[in-house]
Amino acid sequence: QVQLVESGGGLVQAGGSLRLSCAASGRINSINTMAWYRQAPGRQRELVAAITSGNNTNYADSVKGRFTISRDNTKNTVYLQIDSLKPEDTGVYYCNARPVVPSGPWYWGQGTQVTVSS
């Protein structure tokens with residue numbers, strides 16, 4: 001089992017910044033890719049950014065140039081730096097951990113709310 005705990009969400013004005021953190025514990029060695037997803041009200045959960053154990057990253061087109069994902073393996077923590085926030089970035093942000101073994105389970109955190117006011 002892997003446990004994920006997010007933090008860092010909040011209410012911010014458009015144009016502002018936030019840094020989300022996700023601390024992982026448990027069977028850390030079973031994890032390869034870490035990712036952030038978000039879910040806006042009335043919409044499906046969508047991938048925002050992902051980072052592999054080799055630090056390869058990918059981003060949703062809507063956040064490229066504004067969001068930066070990084071990981072600190074010494075702290076078992078993945079971060080999402082969010083700059084130039086827009087009202088459409090509002091939603092619940094979820095941390096996700098994917099296993100080394102492709103058939104293994106995905107893990108999710110409980111989510112952290114990000115609200116951007118215009």
# chains A, B, ... in the order shown; residues from 1 in each chain; ligands from 1
>>> residues_around(residues="Asp61 (chain A)", least_positions_apart="6", cutoff="12 Å", atoms="only C-alpha atoms", output="JSON, numbers by chain")
{"A": [46, 47, 48, 49, 67]}
>>> residues_around(residues="Gln44 (chain A)", least_positions_apart="5", cutoff="12 Å", atoms="only C-alpha atoms", output="number ranges by chain")
A: 37-39, 91-92
>>> atom_distance(atom1="CA of Asn76 (chain A)", atom2="CA of Ala24 (chain A)")
5.4 Å
>>> select_by_dssp(residues="chain A", states="strand (DSSP E or B)", output="ChimeraX atom specification")
/A:2-7,10-13,18-26,31-39,46-51,57-59,67-72,77-82,91-99,107-108,112-117
>>> closest_residue(among="A:Arg27, A:Lys86, A:Arg43, A:Arg71", to="Val114 (chain A)", atoms="only C-alpha atoms")
A:Lys86
>>> closest_atom_pairs(of="region 21-116 of chain A", to="region 2-9 of chain A", cutoff="10 Å", atoms="only C-alpha atoms", output="tab-separated table")
residue	atom	partner	partner_atom	distance
A:Ser21	CA	A:Ser7	CA	5.3
A:Cys22	CA	A:Glu6	CA	4.3
A:Ala23	CA	A:Val5	CA	5.3
A:Ala24	CA	A:Leu4	CA	4.7
A:Ser25	CA	A:Gln3	CA	5.2
A:Gly26	CA	A:Val2	CA	4.7
A:Arg27	CA	A:Val2	CA	5.4
A:Ile28	CA	A:Val2	CA	6.7
A:Asn29	CA	A:Val2	CA	9.6
A:Ser30	CA	A:Val2	CA	8.5
A:Ile31	CA	A:Val2	CA	8.4
A:Asn76	CA	A:Leu4	CA	9.8
A:Thr77	CA	A:Leu4	CA	9.1
A:Val78	CA	A:Glu6	CA	9.3
A:Tyr79	CA	A:Glu6	CA	9.3
A:Leu80	CA	A:Gly8	CA	9.4
A:Gln81	CA	A:Gly8	CA	10.0
A:Gly91	CA	A:Gly9	CA	9.8
A:Val92	CA	A:Gly9	CA	8.6
A:Tyr93	CA	A:Gly9	CA	8.1
A:Tyr94	CA	A:Glu6	CA	7.4
A:Cys95	CA	A:Glu6	CA	6.6
A:Asn96	CA	A:Leu4	CA	7.7
A:Ala97	CA	A:Leu4	CA	8.0
A:Arg98	CA	A:Val2	CA	9.9
A:Pro99	CA	A:Val2	CA	9.8
A:Pro105	CA	A:Val2	CA	9.7
A:Trp106	CA	A:Val2	CA	9.0
A:Tyr107	CA	A:Val2	CA	6.6
A:Trp108	CA	A:Leu4	CA	6.4
A:Gly109	CA	A:Leu4	CA	4.7
A:Gln110	CA	A:Val5	CA	6.8
A:Gly111	CA	A:Glu6	CA	6.2
A:Thr112	CA	A:Gly9	CA	5.3
A:Gln113	CA	A:Gly9	CA	5.2
A:Val114	CA	A:Gly9	CA	5.0
A:Thr115	CA	A:Gly9	CA	8.0
>>> closest_residue(among="A:Pro87, A:Gly104, A:Gly65, A:Pro41", to="Ser118 (chain A)", atoms="only C-alpha atoms")
A:Pro87
>>> closest_residue(among="A:Leu18, A:Ala35, A:Thr74, A:Ala40", to="Tyr59 (chain A)", atoms="only C-alpha atoms")
A:Ala35
>>> atom_distance(atom1="CA of Asn56 (chain A)", atom2="CA of Arg19 (chain A)")
19.6 Å
>>> select_by_dssp(residues="chain A", states="helix (DSSP H, G or I)", output="list in words")
Ile28, Asn29, Ser30, Asp61, Ser62, Val63, Pro87, Glu88 and Asp89 of chain A
>>> atom_distance(atom1="CA of Val101 (chain A)", atom2="CA of Lys75 (chain A)")
22.3 Å
>>> residues_around(residues="Ile82 (chain A)", least_positions_apart="3", cutoff="9 Å", atoms="only C-alpha atoms", output="list in words")
Gly16, Ser17, Leu18, Arg19, Leu20, Val63, Arg66, Phe67, Thr68, Ile69 and Leu85 of chain A
